[in-house]
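Student: My file is coords.pdb. It has PDB, C-alpha atoms:
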ATOM      1  CA  MET Q1223      50.800  -9.634  48.406  1.00  0.00           C
ATOM      2  CA  ARG Q1224      50.366 -12.903  46.507  1.00  0.00           C
ATOM      3  CA  LEU Q1225      48.230 -15.491  48.267  1.00  0.00           C
ATOM      4  CA  PRO Q1226      49.525 -19.073  48.596  1.00  0.00           C
ATOM      5  CA  GLN Q1227      48.215 -21.580  46.054  1.00  0.00           C
ATOM      6  CA  HIS Q1228      46.130 -23.482  48.612  1.00  0.00           C
ATOM      7  CA  THR Q1229      44.463 -20.236  49.757  1.00  0.00           C
ATOM      8  CA  ARG Q1230      43.570 -19.279  46.190  1.00  0.00           C
ATOM      9  CA  GLU Q1231      42.133 -22.758  45.592  1.00  0.00           C
ATOM     10  CA  LEU Q1232      40.105 -22.587  48.804  1.00  0.00           C
ATOM     11  CA  PHE Q1233      38.765 -19.166  47.828  1.00  0.00           C
ATOM     12  CA  ALA Q1234      37.756 -20.426  44.369  1.00  0.00           C
ATOM     13  CA  ASN Q1235      36.036 -23.445  45.931  1.00  0.00           C
ATOM     14  CA  LEU Q1236      34.108 -21.218  48.353  1.00  0.00           C
ATOM     15  CA  VAL Q1237      32.901 -19.038  45.473  1.00  0.00           C
ATOM     16  CA  ARG Q1238      31.858 -22.086  43.434  1.00  0.00           C
ATOM     17  CA  ARG Q1239      30.010 -23.541  46.402  1.00  0.00           C
ATOM     18  CA  GLU Q1240      28.138 -20.275  46.976  1.00  0.00           C
ATOM     19  CA  VAL Q1241      27.062 -20.088  43.337  1.00  0.00           C
ATOM     20  CA  ARG Q1242      26.151 -23.766  43.006  1.00  0.00           C
ATOM     21  CA  GLY Q1243      24.319 -23.789  46.338  1.00  0.00           C
ATOM     22  CA  ARG Q1244      22.164 -20.880  45.255  1.00  0.00           C
ATOM     23  CA  TYR Q1245      20.876 -22.723  42.182  1.00  0.00           C
ATOM     24  CA  LYS Q1246      21.111 -26.343  43.335  1.00  0.00           C
ATOM     25  CA  GLY Q1247      18.127 -28.374  42.156  1.00  0.00           C
ATOM     26  CA  SER Q1248      16.926 -25.546  39.910  1.00  0.00           C
ATOM     27  CA  TRP Q1249      16.059 -26.304  36.290  1.00  0.00           C
ATOM     28  CA  LEU Q1250      16.794 -22.774  35.108  1.00  0.00           C
ATOM     29  CA  GLY Q1251      19.996 -22.407  37.137  1.00  0.00           C
ATOM     30  CA  VAL Q1252      21.797 -19.138  36.541  1.00  0.00           C
ATOM     31  CA  VAL Q1253      18.906 -17.882  34.411  1.00  0.00           C
ATOM     32  CA  TRP Q1254      17.372 -16.846  37.762  1.00  0.00           C
ATOM     33  CA  THR Q1255      20.200 -14.325  38.005  1.00  0.00           C
ATOM     34  CA  LEU Q1256      18.293 -12.224  35.487  1.00  0.00           C
ATOM     35  CA  ALA Q1257      14.795 -13.606  35.990  1.00  0.00           C
ATOM     36  CA  ASN Q1258      14.421 -12.343  39.566  1.00  0.00           C
ATOM     37  CA  PRO Q1259      15.399  -8.698  38.926  1.00  0.00           C
ATOM     38  CA  LEU Q1260      13.379  -8.644  35.700  1.00  0.00           C
ATOM     39  CA  VAL Q1261      10.235  -9.878  37.467  1.00  0.00           C
ATOM     40  CA  ALA Q1262      10.758  -7.304  40.212  1.00  0.00           C
ATOM     41  CA  MET Q1263      11.305  -4.632  37.563  1.00  0.00           C
ATOM     42  CA  LEU Q1264       8.002  -5.512  35.877  1.00  0.00           C
ATOM     43  CA  VAL Q1265       6.101  -5.337  39.178  1.00  0.00           C
ATOM     44  CA  TYR Q1266       7.648  -2.005  40.182  1.00  0.00           C
ATOM     45  CA  THR Q1267       7.039  -0.610  36.693  1.00  0.00           C
ATOM     46  CA  LEU Q1268       3.375  -1.574  36.912  1.00  0.00           C
ATOM     47  CA  VAL Q1269       2.970   0.029  40.338  1.00  0.00           C
ATOM     48  CA  PHE Q1270       5.079   3.170  39.959  1.00  0.00           C
ATOM     49  CA  ALA Q1271       5.067   3.941  36.226  1.00  0.00           C
ATOM     50  CA  VAL Q1272       1.561   2.791  35.288  1.00  0.00           C
ATOM     51  CA  ILE Q1273      -0.488   3.262  38.471  1.00  0.00           C
ATOM     52  CA  TRP Q1274       1.394   6.087  40.229  1.00  0.00           C
ATOM     53  CA  ARG Q1275       2.732   7.517  36.949  1.00  0.00           C
ATOM     54  CA  VAL Q1276       6.266   8.426  37.999  1.00  0.00           C
ATOM     55  CA  PRO Q1277       7.348  10.900  35.286  1.00  0.00           C
ATOM     56  CA  LEU Q1278      10.435   9.101  34.000  1.00  0.00           C
ATOM     57  CA  GLU Q1279      11.247   8.039  30.445  1.00  0.00           C
ATOM     58  CA  PHE Q1280      12.520   4.456  30.111  1.00  0.00           C
ATOM     59  CA  TYR Q1281      11.475   3.778  33.707  1.00  0.00           C
ATOM     60  CA  PRO Q1282      12.359   0.020  33.588  1.00  0.00           C
ATOM     61  CA  PHE Q1283      15.931   0.966  32.658  1.00  0.00           C
ATOM     62  CA  TYR Q1284      16.062   3.431  35.552  1.00  0.00           C
ATOM     63  CA  LEU Q1285      14.866   0.681  37.896  1.00  0.00           C
ATOM     64  CA  LEU Q1286      17.425  -1.860  36.720  1.00  0.00           C
ATOM     65  CA  VAL Q1287      20.314   0.527  37.394  1.00  0.00           C
ATOM     66  CA  GLY Q1288      19.254   0.908  41.032  1.00  0.00           C
ATOM     67  CA  GLN Q1289      18.387  -2.774  41.365  1.00  0.00           C
ATOM     68  CA  ALA Q1290      21.846  -3.825  40.156  1.00  0.00           C
ATOM     69  CA  PHE Q1291      23.431  -1.904  43.019  1.00  0.00           C
ATOM     70  CA  TRP Q1292      20.864  -2.959  45.618  1.00  0.00           C
ATOM     71  CA  MET Q1293      20.994  -6.676  44.808  1.00  0.00           C
ATOM     72  CA  PHE Q1294      24.787  -6.590  45.141  1.00  0.00           C
ATOM     73  CA  PHE Q1295      24.643  -4.472  48.314  1.00  0.00           C
ATOM     74  CA  SER Q1296      21.897  -6.359  50.151  1.00  0.00           C
ATOM     75  CA  GLY Q1297      22.732  -9.843  48.842  1.00  0.00           C
ATOM     76  CA  SER Q1298      26.403  -9.562  49.798  1.00  0.00           C
ATOM     77  CA  MET Q1299      25.612  -8.456  53.350  1.00  0.00           C
ATOM     78  CA  MET Q1300      22.973 -11.132  53.913  1.00  0.00           C
ATOM     79  CA  VAL Q1301      25.160 -13.972  52.623  1.00  0.00           C
ATOM     80  CA  ALA Q1302      28.327 -12.650  54.281  1.00  0.00           C
ATOM     81  CA  ALA Q1303      26.568 -12.271  57.653  1.00  0.00           C
ATOM     82  CA  THR Q1304      26.195 -16.056  57.956  1.00  0.00           C
ATOM     83  CA  SER Q1305      29.385 -17.000  56.119  1.00  0.00           C
ATOM     84  CA  ILE Q1306      31.705 -17.484  59.113  1.00  0.00           C
ATOM     85  CA  VAL Q1307      29.070 -19.209  61.244  1.00  0.00           C
ATOM     86  CA  GLY Q1308      28.065 -21.409  58.305  1.00  0.00           C
ATOM     87  CA  ASN Q1309      31.693 -22.471  57.793  1.00  0.00           C
ATOM     88  CA  ALA Q1310      32.459 -22.936  61.493  1.00  0.00           C
ATOM     89  CA  ASP Q1311      34.154 -26.330  61.091  1.00  0.00           C
ATOM     90  CA  LEU Q1312      36.451 -24.999  58.377  1.00  0.00           C
ATOM     91  CA  VAL Q1313      37.270 -21.836  60.332  1.00  0.00           C
ATOM     92  CA  LYS Q1314      38.110 -23.771  63.509  1.00  0.00           C
ATOM     93  CA  LYS Q1315      40.168 -26.561  61.958  1.00  0.00           C
ATOM     94  CA  VAL Q1316      42.038 -25.107  58.973  1.00  0.00           C
ATOM     95  CA  ALA Q1317      44.605 -22.307  58.987  1.00  0.00           C
ATOM     96  CA  PHE Q1318      43.866 -19.740  56.269  1.00  0.00           C
ATOM     97  CA  PRO Q1319      43.033 -16.009  56.037  1.00  0.00           C
ATOM     98  CA  ARG Q1320      39.485 -15.864  57.448  1.00  0.00           C
ATOM     99  CA  GLN Q1321      38.693 -12.822  55.301  1.00  0.00           C
ATOM    100  CA  ILE Q1322      38.311 -14.988  52.211  1.00  0.00           C
ATOM    101  CA  VAL Q1323      35.087 -16.522  53.576  1.00  0.00           C
ATOM    102  CA  PRO Q1324      32.973 -13.323  53.483  1.00  0.00           C
ATOM    103  CA  LEU Q1325      34.908 -12.164  50.410  1.00  0.00           C
ATOM    104  CA  ALA Q1326      33.734 -15.295  48.587  1.00  0.00           C
ATOM    105  CA  SER Q1327      30.169 -14.236  49.386  1.00  0.00           C
ATOM    106  CA  VAL Q1328      30.807 -10.800  47.876  1.00  0.00           C
ATOM    107  CA  VAL Q1329      32.306 -12.302  44.716  1.00  0.00           C
ATOM    108  CA  SER Q1330      29.398 -14.724  44.286  1.00  0.00           C
ATOM    109  CA  GLN Q1331      26.920 -11.842  44.527  1.00  0.00           C
ATOM    110  CA  GLY Q1332      29.111  -9.753  42.261  1.00  0.00           C
ATOM    111  CA  LEU Q1333      28.590 -12.286  39.478  1.00  0.00           C
ATOM    112  CA  THR Q1334      24.883 -11.387  39.469  1.00  0.00           C
ATOM    113  CA  ALA Q1335      25.711  -7.687  39.309  1.00  0.00           C
ATOM    114  CA  ALA Q1336      28.172  -8.342  36.467  1.00  0.00           C
ATOM    115  CA  VAL Q1337      25.477 -10.096  34.427  1.00  0.00           C
ATOM    116  CA  MET Q1338      23.146  -7.131  34.960  1.00  0.00           C
ATOM    117  CA  LEU Q1339      25.891  -4.685  33.973  1.00  0.00           C
ATOM    118  CA  ALA Q1340      26.396  -6.626  30.755  1.00  0.00           C
ATOM    119  CA  ILE Q1341      22.837  -5.559  29.906  1.00  0.00           C
ATOM    120  CA  LEU Q1342      22.919  -2.074  31.422  1.00  0.00           C
ATOM    121  CA  ILE Q1343      26.021  -0.806  29.605  1.00  0.00           C
ATOM    122  CA  PRO Q1344      24.668  -1.484  26.071  1.00  0.00           C
ATOM    123  CA  ALA Q1345      21.286  -0.135  27.219  1.00  0.00           C
ATOM    124  CA  SER Q1346      23.028   3.020  28.417  1.00  0.00           C
ATOM    125  CA  LEU Q1347      24.678   3.461  25.024  1.00  0.00           C
ATOM    126  CA  LEU Q1348      21.222   3.325  23.446  1.00  0.00           C
ATOM    127  CA  LEU Q1349      19.066   5.116  26.009  1.00  0.00           C
ATOM    128  CA  ALA Q1350      21.238   7.469  28.096  1.00  0.00           C
ATOM    129  CA  ARG Q1351      19.498  10.829  27.915  1.00  0.00           C
ATOM    130  CA  ASN Q1352      22.448  13.245  27.784  1.00  0.00           C
ATOM    131  CA  GLY Q1353      25.337  11.407  26.155  1.00  0.00           C
ATOM    132  CA  HIS Q1354      27.816   8.596  26.708  1.00  0.00           C
ATOM    133  CA  ALA Q1355      31.022  10.371  27.780  1.00  0.00           C
ATOM    134  CA  PRO Q1356      30.297   9.978  31.540  1.00  0.00           C
ATOM    135  CA  LEU Q1357      30.600   6.186  31.106  1.00  0.00           C
ATOM    136  CA  VAL Q1358      34.363   6.668  31.471  1.00  0.00           C
ATOM    137  CA  LEU Q1359      33.694   7.189  35.195  1.00  0.00           C
ATOM    138  CA  LEU Q1360      31.846   3.870  35.524  1.00  0.00           C
ATOM    139  CA  PRO Q1361      34.976   1.888  36.593  1.00  0.00           C
ATOM    140  CA  LEU Q1362      35.655   4.394  39.399  1.00  0.00           C
ATOM    141  CA  VAL Q1363      32.035   4.275  40.598  1.00  0.00           C
ATOM    142  CA  LEU Q1364      32.011   0.466  40.497  1.00  0.00           C
ATOM    143  CA  VAL Q1365      35.286   0.207  42.436  1.00  0.00           C
ATOM    144  CA  CYS Q1366      33.852   2.493  45.136  1.00  0.00           C
ATOM    145  CA  CYS Q1367      30.676   0.370  45.278  1.00  0.00           C
ATOM    146  CA  VAL Q1368      32.737  -2.802  45.651  1.00  0.00           C
ATOM    147  CA  ALA Q1369      34.842  -1.175  48.390  1.00  0.00           C
ATOM    148  CA  LEU Q1370      31.697  -0.155  50.310  1.00  0.00           C
ATOM    149  CA  VAL Q1371      30.062  -3.585  50.031  1.00  0.00           C
ATOM    150  CA  THR Q1372      33.258  -5.479  50.875  1.00  0.00           C
ATOM    151  CA  GLY Q1373      33.841  -3.424  54.009  1.00  0.00           C
ATOM    152  CA  LEU Q1374      30.250  -3.917  55.178  1.00  0.00           C
ATOM    153  CA  ALA Q1375      30.387  -7.648  54.378  1.00  0.00           C
ATOM    154  CA  LEU Q1376      33.525  -8.088  56.491  1.00  0.00           C
ATOM    155  CA  ALA Q1377      31.960  -6.121  59.350  1.00  0.00           C
ATOM    156  CA  VAL Q1378      28.670  -8.035  59.479  1.00  0.00           C
ATOM    157  CA  ALA Q1379      30.433 -11.388  59.039  1.00  0.00           C
ATOM    158  CA  GLY Q1380      32.594 -10.709  62.080  1.00  0.00           C
ATOM    159  CA  LEU Q1381      29.819  -9.202  64.198  1.00  0.00           C
ATOM    160  CA  ASN Q1382      27.436 -12.087  63.534  1.00  0.00           C
ATOM    161  CA  VAL Q1383      29.851 -14.524  65.160  1.00  0.00           C
ATOM    162  CA  PHE Q1384      29.426 -12.689  68.471  1.00  0.00           C
ATOM    163  CA  PHE Q1385      25.925 -11.231  68.012  1.00  0.00           C
ATOM    164  CA  ARG Q1386      23.785 -13.750  66.134  1.00  0.00           C
ATOM    165  CA  ASP Q1387      20.973 -11.210  65.910  1.00  0.00           C
ATOM    166  CA  THR Q1388      23.010  -9.343  63.277  1.00  0.00           C
ATOM    167  CA  GLU Q1389      21.660 -11.418  60.396  1.00  0.00           C
ATOM    168  CA  HIS Q1390      18.061 -11.025  61.629  1.00  0.00           C
ATOM    169  CA  ILE Q1391      18.436  -7.270  62.072  1.00  0.00           C
ATOM    170  CA  LEU Q1392      19.751  -7.035  58.506  1.00  0.00           C
ATOM    171  CA  ALA Q1393      16.839  -9.067  57.162  1.00  0.00           C
ATOM    172  CA  ALA Q1394      14.399  -6.771  58.985  1.00  0.00           C
ATOM    173  CA  ILE Q1395      15.861  -3.447  57.861  1.00  0.00           C
ATOM    174  CA  LEU Q1396      16.853  -4.149  54.258  1.00  0.00           C
ATOM    175  CA  LEU Q1397      13.308  -3.995  52.842  1.00  0.00           C
ATOM    176  CA  PRO Q1398      12.354  -0.584  54.327  1.00  0.00           C
ATOM    177  CA  TRP Q1399      15.904   0.585  53.566  1.00  0.00           C
ATOM    178  CA  PHE Q1400      15.291  -0.231  49.883  1.00  0.00           C
ATOM    179  CA  PHE Q1401      12.145   1.897  49.765  1.00  0.00           C
ATOM    180  CA  ILE Q1402      13.820   5.001  51.205  1.00  0.00           C
ATOM    181  CA  THR Q1403      16.711   4.769  48.733  1.00  0.00           C
ATOM    182  CA  PRO Q1404      16.102   6.587  45.403  1.00  0.00           C
ATOM    183  CA  ILE Q1405      15.767   3.448  43.292  1.00  0.00           C
ATOM    184  CA  LEU Q1406      12.018   3.542  42.636  1.00  0.00           C
ATOM    185  CA  PHE Q1407      11.778   7.327  42.562  1.00  0.00           C
ATOM    186  CA  THR Q1408      13.811  10.456  41.890  1.00  0.00           C
ATOM    187  CA  PHE Q1409      14.161  13.407  44.214  1.00  0.00           C
ATOM    188  CA  ASP Q1410      12.302  15.493  41.636  1.00  0.00           C
ATOM    189  CA  SER Q1411       9.259  13.234  42.054  1.00  0.00           C
ATOM    190  CA  PHE Q1412       9.573  12.944  45.841  1.00  0.00           C
ATOM    191  CA  PRO Q1413       6.762  15.167  47.251  1.00  0.00           C
ATOM    192  CA  LEU Q1414       8.230  15.633  50.717  1.00  0.00           C
ATOM    193  CA  ALA Q1415      11.563  16.672  49.244  1.00  0.00           C
ATOM    194  CA  LYS Q1416       9.847  19.369  47.178  1.00  0.00           C
ATOM    195  CA  GLN Q1417       8.210  20.815  50.269  1.00  0.00           C
ATOM    196  CA  ASN Q1418      11.289  20.341  52.465  1.00  0.00           C
ATOM    197  CA  PRO Q1419      14.479  20.531  50.329  1.00  0.00           C
ATOM    198  CA  TRP Q1420      16.657  19.839  53.357  1.00  0.00           C
ATOM    199  CA  LEU Q1421      15.324  16.267  53.312  1.00  0.00           C
ATOM    200  CA  ILE Q1422      17.427  15.555  50.238  1.00  0.00           C
ATOM    201  CA  SER Q1423      20.634  16.329  52.113  1.00  0.00           C
ATOM    202  CA  VAL Q1424      19.464  14.239  55.082  1.00  0.00           C
ATOM    203  CA  ILE Q1425      18.666  11.241  52.882  1.00  0.00           C
ATOM    204  CA  GLU Q1426      22.027  11.502  51.110  1.00  0.00           C
ATOM    205  CA  LEU Q1427      24.038  11.770  54.315  1.00  0.00           C
ATOM    206  CA  VAL Q1428      22.132   9.436  56.644  1.00  0.00           C
ATOM    207  CA  ASN Q1429      21.203   6.872  53.994  1.00  0.00           C
ATOM    208  CA  PHE Q1430      24.808   6.386  52.890  1.00  0.00           C
ATOM    209  CA  PRO Q1431      24.124   4.089  49.870  1.00  0.00           C
ATOM    210  CA  THR Q1432      22.210   6.966  48.209  1.00  0.00           C
ATOM    211  CA  PRO Q1433      25.226   8.777  46.658  1.00  0.00           C
ATOM    212  CA  PHE Q1434      26.445   5.453  45.208  1.00  0.00           C
ATOM    213  CA  VAL Q1435      23.046   4.891  43.596  1.00  0.00           C
ATOM    214  CA  LEU Q1436      22.934   8.489  42.337  1.00  0.00           C
ATOM    215  CA  ALA Q1437      26.423   8.154  40.815  1.00  0.00           C
ATOM    216  CA  LEU Q1438      25.406   4.989  38.949  1.00  0.00           C
ATOM    217  CA  GLN Q1439      22.190   6.624  37.758  1.00  0.00           C
ATOM    218  CA  ASP Q1440      24.061   9.706  36.569  1.00  0.00           C
ATOM    219  CA  VAL Q1441      26.572   7.674  34.562  1.00  0.00           C
ATOM    220  CA  LEU Q1442      24.295   4.928  33.188  1.00  0.00           C
ATOM    221  CA  TYR Q1443      20.784   6.389  33.006  1.00  0.00           C
ATOM    222  CA  TRP Q1444      21.066  10.169  32.790  1.00  0.00           C
ATOM    223  CA  GLY Q1445      24.343  10.303  30.889  1.00  0.00           C
ATOM    224  CA  LEU Q1446      25.541  13.063  33.219  1.00  0.00           C
ATOM    225  CA  TRP Q1447      28.807  13.680  35.039  1.00  0.00           C
ATOM    226  CA  PRO Q1448      28.288  13.039  38.773  1.00  0.00           C
ATOM    227  CA  SER Q1449      28.936  16.108  40.899  1.00  0.00           C
ATOM    228  CA  TYR Q1450      32.322  16.479  42.585  1.00  0.00           C
ATOM    229  CA  ARG Q1451      30.515  16.287  45.916  1.00  0.00           C
ATOM    230  CA  ILE Q1452      29.096  12.839  45.099  1.00  0.00           C
ATOM    231  CA  LEU Q1453      32.405  11.559  43.688  1.00  0.00           C
ATOM    232  CA  ILE Q1454      34.355  12.699  46.743  1.00  0.00           C
ATOM    233  CA  TYR Q1455      31.686  11.176  49.007  1.00  0.00           C
ATOM    234  CA  ILE Q1456      31.702   7.725  47.374  1.00  0.00           C
ATOM    235  CA  VAL Q1457      35.509   7.562  47.350  1.00  0.00           C
ATOM    236  CA  ILE Q1458      35.851   8.545  51.016  1.00  0.00           C
ATOM    237  CA  VAL Q1459      32.902   6.490  52.299  1.00  0.00           C
ATOM    238  CA  GLY Q1460      33.629   3.499  50.038  1.00  0.00           C
ATOM    239  CA  PHE Q1461      37.283   3.086  50.941  1.00  0.00           C
ATOM    240  CA  GLY Q1462      36.743   4.287  54.515  1.00  0.00           C
ATOM    241  CA  THR Q1463      34.172   1.512  54.970  1.00  0.00           C
ATOM    242  CA  LEU Q1464      36.555  -1.028  53.440  1.00  0.00           C
ATOM    243  CA  TRP Q1465      39.329   0.027  55.822  1.00  0.00           C
ATOM    244  CA  GLY Q1466      37.004   0.038  58.847  1.00  0.00           C
ATOM    245  CA  GLY Q1467      35.434  -3.319  57.978  1.00  0.00           C
ATOM    246  CA  TRP Q1468      38.839  -4.916  57.452  1.00  0.00           C
ATOM    247  CA  LYS Q1469      40.177  -3.593  60.764  1.00  0.00           C
ATOM    248  CA  LEU Q1470      37.060  -4.685  62.661  1.00  0.00           C
ATOM    249  CA  PHE Q1471      37.156  -8.166  61.150  1.00  0.00           C
ATOM    250  CA  ASN Q1472      40.852  -8.572  62.001  1.00  0.00           C
ATOM    251  CA  ARG Q1473      40.179  -7.593  65.597  1.00  0.00           C
ATOM    252  CA  LEU Q1474      37.183  -9.916  65.975  1.00  0.00           C
ATOM    253  CA  GLN Q1475      38.663 -12.962  64.250  1.00  0.00           C
ATOM    254  CA  ARG Q1476      41.109 -13.572  67.113  1.00  0.00           C
ATOM    255  CA  ASP Q1477      38.228 -15.007  69.154  1.00  0.00           C
ATOM    256  CA  PHE Q1478      36.300 -16.771  66.383  1.00  0.00           C
ATOM    257  CA  ALA Q1479      37.372 -20.238  67.479  1.00  0.00           C
ATOM    258  CA  VAL Q1480      36.123 -19.596  71.027  1.00  0.00           C
ATOM    259  CA  GLU Q1481      32.736 -18.227  69.937  1.00  0.00           C
ATOM    260  CA  LEU Q1482      32.135 -20.852  67.257  1.00  0.00           C
TER     261      LEU Q1482
END
When written as structure tokens, how does the structure in this file appear?

Tutor:
Amino acid sequence: MRLPQHTRELFANLVRREVRGRYKGSWLGVVWTLANPLVAMLVYTLVFAVIWRVPLEFYPFYLLVGQAFWMFFSGSMMVAATSIVGNADLVKKVAFPRQIVPLASVVSQGLTAAVMLAILIPASLLLARNGHAPLVLLPLVLVCCVALVTGLALAVAGLNVFFRDTEHILAAILLPWFFITPILFTFDSFPLAKQNPWLISVIELVNFPTPFVLALQDVLYWGLWPSYRILIYIVIVGFGTLWGGWKLFNRLQRDFAVEL
């Protein structure tokens, strides 16, 4: 379905405002898009590769693959959570599809991920350990990641209108959530997983972003074909989350004007 011209213009303006607002008053501007993950990569490399000696070749590259997903995942949810509340006047006074407000947040965060991918894909061609053929699956993996993040962004945007603690809960859980997702480590170097192999299955199933991270690592870092189990998981969970988030948002938006 083709959106009306005024809706497309409003969506573009929302995306521009998100991007400009993030770097307003900054001398380096969009350079921070790469500066922040690179600084984090250097710190994590120092701690995990130098001090703790995680046995991984090209460890900074491994980190950046996971960071690209996590920055898109966490950034989209945090910005989307406050998007409807932050645009309350617009939502209450102008008739337009309310979904475009959190979707603009996802697109603005996706620009950062796109810049990182522009570095990761050439790096993969140079450094991938087992070949480049699995890169053909990268579009599928990325589409599933976008579906997952979009569905979650719609859900938290709608829920935060009625439960303002949503954004604070997200802020509290995202940091520990990052450290239990295999971005800084591999399951091979995870001591508890060696002693208790069932923990791997628990982490993959309960910590639902894990298979998405593993699929990206397989394709970009390892140069391996993701298992059928992981591919089926990310397709079902990614598009299932998109469908569920869209339905939840549509149900909640009927009462936005009252709550705002």

Student: Could you state the separation of CA of Val1424 (chain Q) and CA of Trp1292 (chain Q) in Å, given to one decimal place?

Tutor: 19.7 Å

Student: So the first atom is CA of Thr1463 (chain Q) and the second is CA of Cys1367 (chain Q); what is the distance between them in Å, to one decimal place?

Tutor: 10.4 Å

Student: Given the PyMOL selection byres ((chain Q and resi 1349) around 12) and the file above, list the residues it selects as a compact mmCIF listing (two decimals) with C-alpha atoms, in the coordinates of the input.

Tutor:
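Result written to part-v7.txt:
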# COMPACT_ATOMS: atom_id res chain seq x y z
CA GLU Q 1279 11.25 8.04 30.44
CA PHE Q 1280 12.52 4.46 30.11
CA TYR Q 1281 11.48 3.78 33.71
CA PRO Q 1282 12.36 0.02 33.59
CA PHE Q 1283 15.93 0.97 32.66
CA TYR Q 1284 16.06 3.43 35.55
CA ILE Q 1341 22.84 -5.56 29.91
CA LEU Q 1342 22.92 -2.07 31.42
CA ILE Q 1343 26.02 -0.81 29.60
CA PRO Q 1344 24.67 -1.48 26.07
CA ALA Q 1345 21.29 -0.14 27.22
CA SER Q 1346 23.03 3.02 28.42
CA LEU Q 1347 24.68 3.46 25.02
CA LEU Q 1348 21.22 3.32 23.45
CA ALA Q 1350 21.24 7.47 28.10
CA ARG Q 1351 19.50 10.83 27.92
CA ASN Q 1352 22.45 13.24 27.78
CA GLY Q 1353 25.34 11.41 26.16
CA HIS Q 1354 27.82 8.60 26.71
CA VAL Q 1441 26.57 7.67 34.56
CA LEU Q 1442 24.30 4.93 33.19
CA TYR Q 1443 20.78 6.39 33.01
CA TRP Q 1444 21.07 10.17 32.79
CA GLY Q 1445 24.34 10.30 30.89

Student: Which of these, Q:Leu1392, Q:Val1480, Q:Met1263, Q:Leu1438, has the shortest distance to Leu1357 (chain Q) once you count only C-alpha atoms?

Tutor: Q:Leu1438

Student: Using all atoms listed in the file, find the one residue out of Q:Thr1304, Q:Gln1289, Q:Asn1309, Q:Thr1372 that sits nearest to Ala1335 (chain Q).

Tutor: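 Smallest separation from Ala1335 (chain Q) among the options: Q:Gln1289.
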
Student: Show me, as a PDB file with C-alpha atoms, keeping the file's coordinate frame, the residues that have an atom within 8 Å of Val1323 (chain Q) when counting only C-alpha atoms, minus same-chain residues fewer than 5 positions from it.

Tutor:
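Output below, filename selection_21.pdb:
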ATOM      1  CA  PHE Q1233      38.765 -19.166  47.828  1.00  0.00           C
ATOM      2  CA  LEU Q1236      34.108 -21.218  48.353  1.00  0.00           C
ATOM      3  CA  ALA Q1302      28.327 -12.650  54.281  1.00  0.00           C
ATOM      4  CA  SER Q1305      29.385 -17.000  56.119  1.00  0.00           C
ATOM      5  CA  ILE Q1306      31.705 -17.484  59.113  1.00  0.00           C
TER       6      ILE Q1306
END

Student: Just to confirm, what's the straight-line distance from CA of Asp1311 (chain Q) to CA of Ala1326 (chain Q) in Å (one decimal)?

Tutor: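 That distance, rounded to one decimal, is 16.7 Å.
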
Student: Under the rule that only C-alpha atoms are counted, which of Q:Val1329, Q:Met1299, Q:Leu1470, Q:Ala1262 is the nearest residue to Ile1395 (chain Q)?

Tutor: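 Smallest distance to Ile1395 (chain Q) is found for Q:Met1299.
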
Student: Counting only C-alpha atoms, which residues sit no farther than 10 Å from the position (26.5, -14.6, 45.7) in the file's frame? I'd like them as a list of chain:residue names.

Tutor: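 Using only C-alpha atoms, the matching residues come out as Q:Val1237, Q:Arg1238, Q:Arg1239, Q:Glu1240, Q:Val1241, Q:Arg1242, Q:Gly1243, Q:Arg1244, Q:Thr1255, Q:Met1293, Q:Phe1294, Q:Gly1297, Q:Ser1298, Q:Met1299, Q:Met1300, Q:Val1301, Q:Ala1302, Q:Leu1325, Q:Ala1326, Q:Ser1327, Q:Val1328, Q:Val1329, Q:Ser1330, Q:Gln1331, Q:Gly1332, Q:Leu1333, Q:Thr1334, Q:Ala1335.
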
Student: Which residues, written as a VMD selection string, have at least one atom at most 12 Å from Pro1398 (chain Q), with only C-alpha atoms counted and residues fewer than 5 positions away on the same chain left out?

Tutor: chain Q and resid 1296 1391 to 1393 1403 1429

Student: Considering only C-alpha atoms, state which residue in the set Q:Leu1406, Q:Gly1467, Q:Arg1476, Q:Val1316 is at the smallest distance from Val1265 (chain Q).

Tutor: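 Using only C-alpha atoms, the shortest distance to Val1265 (chain Q) belongs to Q:Leu1406.
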
Student: Could you name the residues that touch Gly1462 (chain Q) at 9 Å or less, counting all atoms listed in the file, but leaving out those on the same chain fewer than 4 positions away, as a PyMOL selection string?

Tutor: chain Q and resi 1369-1370+1373+1457-1458+1466-1467

Student: Kindly indicate which residue among Q:Leu1264, Q:Ala1479, Q:Leu1285, Q:Ala1234 lies nearest to Phe1384 (chain Q), using all atoms listed in the file for the distances.

Tutor: Q:Ala1479

Student: Taking only C-alpha atoms into account, which of Q:Leu1464, Q:Leu1268, Q:Leu1421, Q:Leu1278 comes nearest Ala1377 (chain Q)?

Tutor: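 Of Q:Leu1464, Q:Leu1268, Q:Leu1421, Q:Leu1278, the one nearest Ala1377 (chain Q), counting only C-alpha atoms, is Q:Leu1464.
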
Student: Using the chain letters and numbering of this document, enumerate as a PyMOL selection string the residues selected by the PyMOL selection byres ((chain Q and resi 1378) around 8).

Tutor: chain Q and resi 1299+1302-1303+1374-1377+1379-1382+1388-1389

Student: Determine the residue set returned by the PyMOL selection byres ((chain Q and resi 1425) around 12) for the present structure, and present it as a PyMOL selection string.

Tutor: chain Q and resi 1399+1401-1404+1409+1412+1414-1415+1418-1424+1426-1433+1436
